[in-house]
>>> print(open('coords-v6.csv').read())   # CSV, C-alpha atoms and all ligand atoms
chain,number,residue,atom,x,y,z
H,1,MET,CA,72.5,3.9,30.1
H,2,PRO,CA,73.5,6.3,32.9
H,3,GLU,CA,75.2,4.4,35.6
H,4,LEU,CA,76.0,5.5,39.1
H,5,PRO,CA,78.9,7.8,38.2
H,6,GLU,CA,76.8,9.6,35.6
H,7,VAL,CA,74.0,9.9,38.1
H,8,GLU,CA,76.4,11.2,40.7
H,9,ALA,CA,77.6,13.8,38.1
H,10,ALA,CA,73.9,14.8,37.6
H,11,MET,CA,73.6,15.1,41.4
H,12,GLN,CA,76.5,17.6,41.4
H,13,LEU,CA,74.7,19.6,38.8
H,14,LEU,CA,71.5,19.6,40.9
H,15,ARG,CA,73.4,20.7,44.0
H,16,ARG,CA,75.0,23.6,42.1
H,17,ARG,CA,71.9,24.7,40.2
H,18,ALA,CA,68.8,23.6,42.1
H,19,LYS,CA,69.6,23.3,45.8
H,20,GLY,CA,68.4,26.4,47.6
H,21,ARG,CA,66.3,27.5,44.7
H,22,THR,CA,62.5,28.1,44.8
H,23,ILE,CA,60.4,26.4,42.1
H,24,THR,CA,58.4,28.9,40.0
H,25,LYS,CA,56.9,26.4,37.4
H,26,VAL,CA,57.0,22.7,36.6
H,27,GLN,CA,55.9,21.4,33.2
H,28,LEU,CA,55.7,17.8,32.1
H,29,LEU,CA,55.9,17.7,28.4
H,30,HIS,CA,55.6,13.9,27.6
H,31,PRO,CA,52.4,11.9,28.0
H,32,SER,CA,54.2,9.2,30.0
H,33,LEU,CA,55.3,11.7,32.6
H,34,LYS,CA,51.9,13.5,32.6
H,35,ARG,CA,50.3,10.3,33.6
H,36,ARG,CA,52.5,10.0,36.7
H,37,VAL,CA,51.7,13.3,38.4
H,38,ARG,CA,48.3,14.9,38.8
H,39,PRO,CA,48.1,18.5,37.6
H,40,ALA,CA,47.2,19.7,41.1
H,41,ALA,CA,50.2,18.1,42.6
H,42,LEU,CA,52.3,19.7,39.9
H,43,ARG,CA,50.9,23.1,40.5
H,44,ALA,CA,51.4,22.7,44.2
H,45,LEU,CA,55.2,22.5,43.7
H,46,VAL,CA,55.3,26.2,42.9
H,47,GLY,CA,56.8,28.2,45.8
H,48,ALA,CA,58.5,25.2,47.3
H,49,ARG,CA,62.2,25.4,47.9
H,50,ILE,CA,64.7,22.6,47.2
H,51,VAL,CA,66.6,22.1,50.5
H,52,ARG,CA,68.5,18.9,49.8
H,53,VAL,CA,69.5,16.8,46.9
H,54,GLU,CA,70.1,13.1,47.5
H,55,ARG,CA,71.1,10.1,45.4
H,56,ARG,CA,70.0,6.6,46.4
H,57,GLY,CA,71.4,4.1,44.0
H,58,LYS,CA,70.4,5.6,40.7
H,59,HIS,CA,67.4,7.4,42.1
H,60,GLN,CA,67.5,11.2,42.5
H,61,LEU,CA,65.6,12.8,45.3
H,62,LEU,CA,65.0,16.5,45.5
H,63,HIS,CA,63.8,17.2,49.0
H,64,LEU,CA,61.5,20.2,49.3
H,65,ASP,CA,61.3,22.5,52.4
H,66,ASP,CA,57.9,21.1,53.4
H,67,GLY,CA,59.0,17.4,53.3
H,68,ARG,CA,57.7,16.6,49.8
H,69,ILE,CA,60.2,14.8,47.5
H,70,VAL,CA,60.6,15.1,43.7
H,71,HIS,CA,61.9,11.7,42.7
H,72,VAL,CA,63.6,11.4,39.3
H,73,HIS,CA,65.1,8.3,37.6
H,74,PHE,CA,66.9,8.6,34.3
H,75,ARG,CA,66.3,5.0,33.3
H,76,MET,CA,67.9,4.5,29.9
H,77,ASN,CA,69.4,7.8,28.8
H,78,GLY,CA,68.0,10.8,30.6
H,79,ASP,CA,70.1,13.8,31.7
H,80,TRP,CA,69.6,17.3,33.0
H,81,GLU,CA,70.2,20.4,31.0
H,82,HIS,CA,70.6,23.7,32.8
H,83,GLY,CA,69.8,27.0,31.1
H,84,LYS,CA,68.0,30.3,31.2
H,85,SER,CA,64.2,30.1,31.5
H,86,ASP,CA,63.6,32.1,28.3
H,87,ALA,CA,66.0,30.0,26.1
H,88,PRO,CA,64.5,27.6,23.6
H,89,LEU,CA,63.8,24.2,25.1
H,90,PRO,CA,66.3,21.5,24.2
H,91,ARG,CA,65.2,18.8,21.8
H,92,PHE,CA,63.7,15.8,23.8
H,93,ALA,CA,63.0,18.0,26.8
H,94,ARG,CA,60.4,15.9,28.8
H,95,ALA,CA,60.1,17.9,31.9
H,96,VAL,CA,61.0,21.5,32.8
H,97,ILE,CA,61.5,22.9,36.3
H,98,ASP,CA,61.8,26.7,36.4
H,99,PHE,CA,63.4,28.5,39.4
H,100,ASP,CA,63.5,31.9,40.9
H,101,GLY,CA,66.3,33.9,39.3
H,102,GLY,CA,65.2,33.0,35.8
H,103,THR,CA,67.0,29.6,35.4
H,104,ARG,CA,65.6,26.2,34.7
H,105,LEU,CA,66.5,22.6,34.5
H,106,ALA,CA,65.2,20.4,31.6
H,107,LEU,CA,65.0,16.7,31.9
H,108,VAL,CA,66.2,15.6,28.4
H,109,ASP,CA,65.5,12.1,27.4
H,110,SER,CA,65.4,10.9,23.8
H,111,ARG,CA,63.7,7.6,24.7
H,112,ALA,CA,61.3,9.2,27.2
H,113,LEU,CA,61.7,6.3,29.7
H,114,GLY,CA,62.9,8.5,32.5
H,115,THR,CA,60.5,9.0,35.4
H,116,LEU,CA,59.5,11.9,37.7
H,117,ASP,CA,57.2,11.5,40.7
H,118,VAL,CA,56.2,13.7,43.5
H,119,HIS,CA,56.0,12.0,47.0
H,120,PRO,CA,53.9,13.6,49.7
H,121,ALA,CA,55.6,14.7,53.0
H,122,GLY,CA,56.1,12.3,55.8
H,123,MET,CA,56.2,9.2,53.7
H,124,GLU,CA,59.2,6.9,54.0
H,125,LEU,CA,60.4,6.0,50.5
H,126,ALA,CA,60.8,2.3,50.1
H,127,LEU,CA,63.0,1.9,47.1
H,128,GLY,CA,64.1,-1.6,47.9
H,129,LEU,CA,67.8,-0.8,47.5
H,130,GLY,CA,70.8,-2.7,48.8
H,131,PRO,CA,74.0,-1.0,50.0
H,132,ASP,CA,75.3,1.7,47.6
H,133,ALA,CA,78.1,0.7,45.3
H,134,ALA,CA,79.9,4.0,46.1
H,135,ASP,CA,79.6,3.5,49.9
H,136,ARG,CA,83.1,3.1,51.3
H,137,GLY,CA,81.5,1.4,54.4
H,138,TRP,CA,80.2,-1.4,52.2
H,139,THR,CA,82.5,-4.4,53.0
H,140,ALA,CA,83.6,-7.4,51.1
H,141,GLU,CA,82.1,-9.5,53.9
H,142,ALA,CA,78.7,-7.9,53.3
H,143,LEU,CA,79.0,-8.5,49.5
H,144,GLY,CA,80.0,-12.1,50.2
H,145,ARG,CA,77.0,-12.7,52.5
H,146,ALA,CA,74.7,-11.3,49.8
H,147,LEU,CA,76.2,-13.3,47.0
H,148,ALA,CA,76.1,-16.5,49.1
H,149,THR,CA,72.2,-16.4,49.0
H,150,ARG,CA,72.2,-16.4,45.1
H,151,ARG,CA,72.2,-19.6,43.1
H,152,GLY,CA,72.5,-18.0,39.6
H,153,PRO,CA,75.5,-16.6,37.8
H,154,VAL,CA,77.3,-13.7,39.5
H,155,LYS,CA,76.8,-11.1,36.7
H,156,PRO,CA,73.0,-10.9,36.8
H,157,ALA,CA,73.2,-10.9,40.6
H,158,LEU,CA,75.3,-7.8,40.5
H,159,LEU,CA,72.6,-6.0,38.5
H,160,ASP,CA,70.0,-6.7,41.2
H,161,GLN,CA,69.7,-3.3,42.9
H,162,LYS,CA,68.6,-5.1,46.1
H,163,LEU,CA,72.1,-6.8,46.2
H,164,VAL,CA,74.0,-3.6,45.5
H,165,ALA,CA,72.5,-0.3,44.4
H,166,GLY,CA,73.9,1.7,41.5
H,167,LEU,CA,75.8,-1.0,39.5
H,168,GLY,CA,74.5,-1.3,35.9
H,169,ASN,CA,75.4,-3.5,33.0
H,170,ILE,CA,78.6,-1.7,32.0
H,171,TYR,CA,80.2,-1.4,35.4
H,172,ALA,CA,79.2,-4.9,36.4
H,173,ALA,CA,81.1,-6.3,33.4
H,174,GLU,CA,84.1,-3.9,34.1
H,175,SER,CA,84.2,-5.0,37.7
H,176,LEU,CA,84.2,-8.7,36.9
H,177,TRP,CA,86.9,-8.3,34.3
H,178,ARG,CA,89.1,-6.3,36.8
H,179,ALA,CA,88.5,-9.0,39.5
H,180,ARG,CA,89.2,-11.8,37.0
H,181,ILE,CA,85.9,-13.5,37.7
H,182,SER,CA,83.9,-15.3,35.0
H,183,PRO,CA,80.4,-13.7,34.7
H,184,THR,CA,79.0,-17.2,34.5
H,185,GLN,CA,80.4,-18.4,37.8
H,186,ARG,CA,77.7,-19.1,40.3
H,187,ALA,CA,77.3,-16.2,42.8
H,188,ASP,CA,77.3,-18.5,45.8
H,189,SER,CA,80.5,-20.2,44.7
H,190,LEU,CA,82.9,-17.2,44.9
H,191,SER,CA,85.8,-17.7,47.2
H,192,ASP,CA,86.6,-15.2,49.9
H,193,LYS,CA,89.5,-14.0,47.8
H,194,GLN,CA,87.3,-13.6,44.8
H,195,VAL,CA,84.8,-11.6,46.8
H,196,ARG,CA,87.5,-9.3,48.1
H,197,ALA,CA,88.8,-8.8,44.6
H,198,LEU,CA,85.3,-8.1,43.4
H,199,ARG,CA,84.6,-5.5,46.1
H,200,SER,CA,87.8,-3.7,45.5
H,201,ALA,CA,87.2,-3.8,41.7
H,202,ILE,CA,83.7,-2.3,42.0
H,203,GLY,CA,85.2,0.5,44.1
H,204,ALA,CA,88.0,1.2,41.6
H,205,VAL,CA,85.6,1.1,38.6
H,206,ILE,CA,83.1,3.5,40.2
H,207,THR,CA,85.9,5.8,41.4
H,208,ARG,CA,87.5,6.0,38.1
H,209,ALA,CA,84.3,6.7,36.3
H,210,THR,CA,83.0,9.3,38.7
H,211,GLY,CA,82.8,12.7,37.0
H,212,SER,CA,82.6,11.3,33.5
H,213,ARG,CA,79.4,11.7,31.7
H,214,TYR,CA,77.7,9.6,29.1
H,215,THR,CA,79.4,6.2,29.2
H,216,ASP,CA,77.7,5.4,25.9
H,217,ASP,CA,79.8,7.9,24.1
H,218,ASP,CA,83.0,7.0,26.0
H,219,THR,CA,83.3,3.3,25.6
H,220,VAL,CA,86.9,3.7,24.4
H,221,ASN,CA,88.1,4.0,27.9
H,222,LEU,CA,86.3,0.8,29.1
H,223,ASP,CA,88.3,-2.4,29.6
H,224,VAL,CA,85.9,-5.0,28.4
H,225,TYR,CA,82.3,-3.6,27.9
H,226,ASP,CA,81.4,-3.4,24.2
H,227,ARG,CA,84.8,-4.7,23.1
H,228,GLU,CA,83.7,-8.0,21.5
H,229,GLY,CA,86.4,-9.4,19.2
H,230,LEU,CA,89.0,-6.8,20.4
H,231,PRO,CA,92.1,-8.0,22.4
H,232,CYS,CA,91.8,-8.2,26.2
H,233,ARG,CA,93.8,-5.3,27.6
H,234,ARG,CA,95.4,-7.7,30.0
H,235,CYS,CA,96.2,-10.8,28.0
H,236,GLY,CA,95.4,-10.1,24.4
H,237,THR,CA,92.7,-12.8,24.0
H,238,SER,CA,89.6,-11.8,22.0
H,239,ILE,CA,86.8,-10.5,24.2
H,240,GLU,CA,83.7,-12.5,23.9
H,241,ARG,CA,80.0,-11.5,24.3
H,242,ILE,CA,77.2,-13.7,25.7
H,243,THR,CA,73.7,-12.9,26.8
H,244,GLN,CA,72.7,-13.3,30.4
H,245,ALA,CA,69.2,-12.4,31.7
H,246,GLY,CA,68.6,-10.6,28.4
H,247,ARG,CA,71.6,-8.3,28.7
H,248,SER,CA,74.9,-8.5,26.9
H,249,THR,CA,77.9,-9.6,29.0
H,250,TYR,CA,81.4,-9.0,27.8
H,251,PHE,CA,84.3,-11.0,29.2
H,252,CYS,CA,87.8,-12.4,28.5
H,253,PRO,CA,87.6,-16.2,28.3
H,254,HIS,CA,91.3,-16.5,29.3
H,255,CYS,CA,91.7,-14.3,32.3
H,256,GLN,CA,88.1,-14.5,33.7
H,257,VAL,CA,87.8,-18.2,34.5
H,258,THR,CA,85.5,-20.0,36.9
H,259,ARG,CA,87.3,-21.1,40.0
H,260,GLU,CA,86.1,-23.8,42.3
H,261,PRO,CA,85.6,-22.5,45.8
H,301,ZN,ZN,92.3,-11.5,29.3
>>> encode(input="coords-v6.csv", output="structure tokens")
Amino acid sequence: MPELPEVEAAMQLLRRRAKGRTITKVQLLHPSLKRRVRPAALRALVGARIVRVERRGKHQLLHLDDGRIVHVHFRMNGDWEHGKSDAPLPRFARAVIDFDGGTRLALVDSRALGTLDVHPAGMELALGLGPDAADRGWTAEALGRALATRRGPVKPALLDQKLVAGLGNIYAAESLWRARISPTQRADSLSDKQVRALRSAIGAVITRATGSRYTDDDTVNLDVYDREGLPCRRCGTSIERITQAGRSTYFCPHCQVTREP
């Protein structure tokens, strides 16, 4: 699944290829996308210029010159592919935006779970997101206050985009491993020291991954995610996998232990 660093890489592509460009055509090719945007709203995008590209959590916002917003979320495995307008469409192209100058961006998504919406001008977007995981101004104190309100285990809490925006299943596991915190420890029982370690681990994990694409194909570089049965890179103990809130959690049972506050 694209995580924050992959979405940030997609943002850089959009800033290079779409910002400042005028839309000449938009096509939605998959029924699930066609249901989201009325044909008239789609046609009305022609002639609009993309003036700003913004990421909020894993949401991508293309701001148009008249205040409308094209809002894209990759969900499970979407990505953008840039090319010439007259080139054959990539396999699994679900939406295509053509620009002046003869170029286009295709939203490529084999599972077709990605979303594209058009928001009218002058509407505040309520995405229900907490502080951004990549925001340097997000403090350990703020993380600690948020975790203190959660009674469940820390790992599912980290996946809640209202607690912190942009952290997904892979980097939540990586961050907990780095901070030596058990994924099953209760969120509200973390000590101040653990919270500080977790905040700095999230920062390090996100920074290290930024610029890389497609975590799914690149799990060799991860410390704990998808490494069930393999030796912990820190202590050599076999990595274990459990299921929490329907998602796989990978952890080292030796160096990620639950500590009493
Ligand atoms: Zn270990």
>>> residues_around(input="coords-v6.csv", residues="region 11-17 of chain H", least_positions_apart="2", cutoff="12 Å", atoms="only C-alpha atoms", output="ChimeraX atom specification")
/H:4-9,19-23,50-63,72-74,79-84,97-107,210-213
>>> write_last_selection(input="coords-v6.csv", atoms="C-alpha atoms", output="mmCIF file, keeping the file's coordinate frame")
data_model
loop_
_atom_site.group_PDB
_atom_site.id
_atom_site.type_symbol
_atom_site.label_atom_id
_atom_site.label_comp_id
_atom_site.auth_asym_id
_atom_site.auth_seq_id
_atom_site.Cartn_x
_atom_site.Cartn_y
_atom_site.Cartn_z
ATOM 1 C CA LEU H 4 76.000 5.500 39.100
ATOM 2 C CA PRO H 5 78.900 7.800 38.200
ATOM 3 C CA GLU H 6 76.800 9.600 35.600
ATOM 4 C CA VAL H 7 74.000 9.900 38.100
ATOM 5 C CA GLU H 8 76.400 11.200 40.700
ATOM 6 C CA ALA H 9 77.600 13.800 38.100
ATOM 7 C CA LYS H 19 69.600 23.300 45.800
ATOM 8 C CA GLY H 20 68.400 26.400 47.600
ATOM 9 C CA ARG H 21 66.300 27.500 44.700
ATOM 10 C CA THR H 22 62.500 28.100 44.800
ATOM 11 C CA ILE H 23 60.400 26.400 42.100
ATOM 12 C CA ILE H 50 64.700 22.600 47.200
ATOM 13 C CA VAL H 51 66.600 22.100 50.500
ATOM 14 C CA ARG H 52 68.500 18.900 49.800
ATOM 15 C CA VAL H 53 69.500 16.800 46.900
ATOM 16 C CA GLU H 54 70.100 13.100 47.500
ATOM 17 C CA ARG H 55 71.100 10.100 45.400
ATOM 18 C CA ARG H 56 70.000 6.600 46.400
ATOM 19 C CA GLY H 57 71.400 4.100 44.000
ATOM 20 C CA LYS H 58 70.400 5.600 40.700
ATOM 21 C CA HIS H 59 67.400 7.400 42.100
ATOM 22 C CA GLN H 60 67.500 11.200 42.500
ATOM 23 C CA LEU H 61 65.600 12.800 45.300
ATOM 24 C CA LEU H 62 65.000 16.500 45.500
ATOM 25 C CA HIS H 63 63.800 17.200 49.000
ATOM 26 C CA VAL H 72 63.600 11.400 39.300
ATOM 27 C CA HIS H 73 65.100 8.300 37.600
ATOM 28 C CA PHE H 74 66.900 8.600 34.300
ATOM 29 C CA ASP H 79 70.100 13.800 31.700
ATOM 30 C CA TRP H 80 69.600 17.300 33.000
ATOM 31 C CA GLU H 81 70.200 20.400 31.000
ATOM 32 C CA HIS H 82 70.600 23.700 32.800
ATOM 33 C CA GLY H 83 69.800 27.000 31.100
ATOM 34 C CA LYS H 84 68.000 30.300 31.200
ATOM 35 C CA ILE H 97 61.500 22.900 36.300
ATOM 36 C CA ASP H 98 61.800 26.700 36.400
ATOM 37 C CA PHE H 99 63.400 28.500 39.400
ATOM 38 C CA ASP H 100 63.500 31.900 40.900
ATOM 39 C CA GLY H 101 66.300 33.900 39.300
ATOM 40 C CA GLY H 102 65.200 33.000 35.800
ATOM 41 C CA THR H 103 67.000 29.600 35.400
ATOM 42 C CA ARG H 104 65.600 26.200 34.700
ATOM 43 C CA LEU H 105 66.500 22.600 34.500
ATOM 44 C CA ALA H 106 65.200 20.400 31.600
ATOM 45 C CA LEU H 107 65.000 16.700 31.900
ATOM 46 C CA THR H 210 83.000 9.300 38.700
ATOM 47 C CA GLY H 211 82.800 12.700 37.000
ATOM 48 C CA SER H 212 82.600 11.300 33.500
ATOM 49 C CA ARG H 213 79.400 11.700 31.700
#
>>> closest_residue(input="coords-v6.csv", among="H:Leu159, H:Leu222, H:Cys252, H:Val26", to="ligand ZN 301 (chain H)", atoms="all atoms listed in the file")
H:Cys252
>>> residues_near_ligand(input="coords-v6.csv", ligand="ligand ZN 301 (chain H)", cutoff="12 Å", atoms="only C-alpha atoms and all ligand atoms", output="JSON, numbers by chain")
{"H": [176, 177, 178, 179, 180, 181, 182, 223, 224, 227, 229, 230, 231, 232, 233, 234, 235, 236, 237, 238, 239, 240, 250, 251, 252, 253, 254, 255, 256, 257]}
>>> write_last_selection(input="coords-v6.csv", atoms="C-alpha atoms", output="PDB file, in the frame of the given file")
ATOM      1  CA  LEU H 176      84.200  -8.700  36.900  1.00  0.00           C
ATOM      2  CA  TRP H 177      86.900  -8.300  34.300  1.00  0.00           C
ATOM      3  CA  ARG H 178      89.100  -6.300  36.800  1.00  0.00           C
ATOM      4  CA  ALA H 179      88.500  -9.000  39.500  1.00  0.00           C
ATOM      5  CA  ARG H 180      89.200 -11.800  37.000  1.00  0.00           C
ATOM      6  CA  ILE H 181      85.900 -13.500  37.700  1.00  0.00           C
ATOM      7  CA  SER H 182      83.900 -15.300  35.000  1.00  0.00           C
ATOM      8  CA  ASP H 223      88.300  -2.400  29.600  1.00  0.00           C
ATOM      9  CA  VAL H 224      85.900  -5.000  28.400  1.00  0.00           C
ATOM     10  CA  ARG H 227      84.800  -4.700  23.100  1.00  0.00           C
ATOM     11  CA  GLY H 229      86.400  -9.400  19.200  1.00  0.00           C
ATOM     12  CA  LEU H 230      89.000  -6.800  20.400  1.00  0.00           C
ATOM     13  CA  PRO H 231      92.100  -8.000  22.400  1.00  0.00           C
ATOM     14  CA  CYS H 232      91.800  -8.200  26.200  1.00  0.00           C
ATOM     15  CA  ARG H 233      93.800  -5.300  27.600  1.00  0.00           C
ATOM     16  CA  ARG H 234      95.400  -7.700  30.000  1.00  0.00           C
ATOM     17  CA  CYS H 235      96.200 -10.800  28.000  1.00  0.00           C
ATOM     18  CA  GLY H 236      95.400 -10.100  24.400  1.00  0.00           C
ATOM     19  CA  THR H 237      92.700 -12.800  24.000  1.00  0.00           C
ATOM     20  CA  SER H 238      89.600 -11.800  22.000  1.00  0.00           C
ATOM     21  CA  ILE H 239      86.800 -10.500  24.200  1.00  0.00           C
ATOM     22  CA  GLU H 240      83.700 -12.500  23.900  1.00  0.00           C
ATOM     23  CA  TYR H 250      81.400  -9.000  27.800  1.00  0.00           C
ATOM     24  CA  PHE H 251      84.300 -11.000  29.200  1.00  0.00           C
ATOM     25  CA  CYS H 252      87.800 -12.400  28.500  1.00  0.00           C
ATOM     26  CA  PRO H 253      87.600 -16.200  28.300  1.00  0.00           C
ATOM     27  CA  HIS H 254      91.300 -16.500  29.300  1.00  0.00           C
ATOM     28  CA  CYS H 255      91.700 -14.300  32.300  1.00  0.00           C
ATOM     29  CA  GLN H 256      88.100 -14.500  33.700  1.00  0.00           C
ATOM     30  CA  VAL H 257      87.800 -18.200  34.500  1.00  0.00           C
TER      31      VAL H 257
END
>>> closest_residue(input="coords-v6.csv", among="H:Asp86, H:Glu141, H:Asp65, H:Glu3", to="Gly168 (chain H)", atoms="all atoms listed in the file")
H:Glu3
>>> atom_distance(input="coords-v6.csv", atom1="CA of Leu33 (chain H)", atom2="CA of Asp117 (chain H)")
8.3 Å
>>> atom_distance(input="coords-v6.csv", atom1="CA of Val108 (chain H)", atom2="CA of Thr24 (chain H)")
19.3 Å
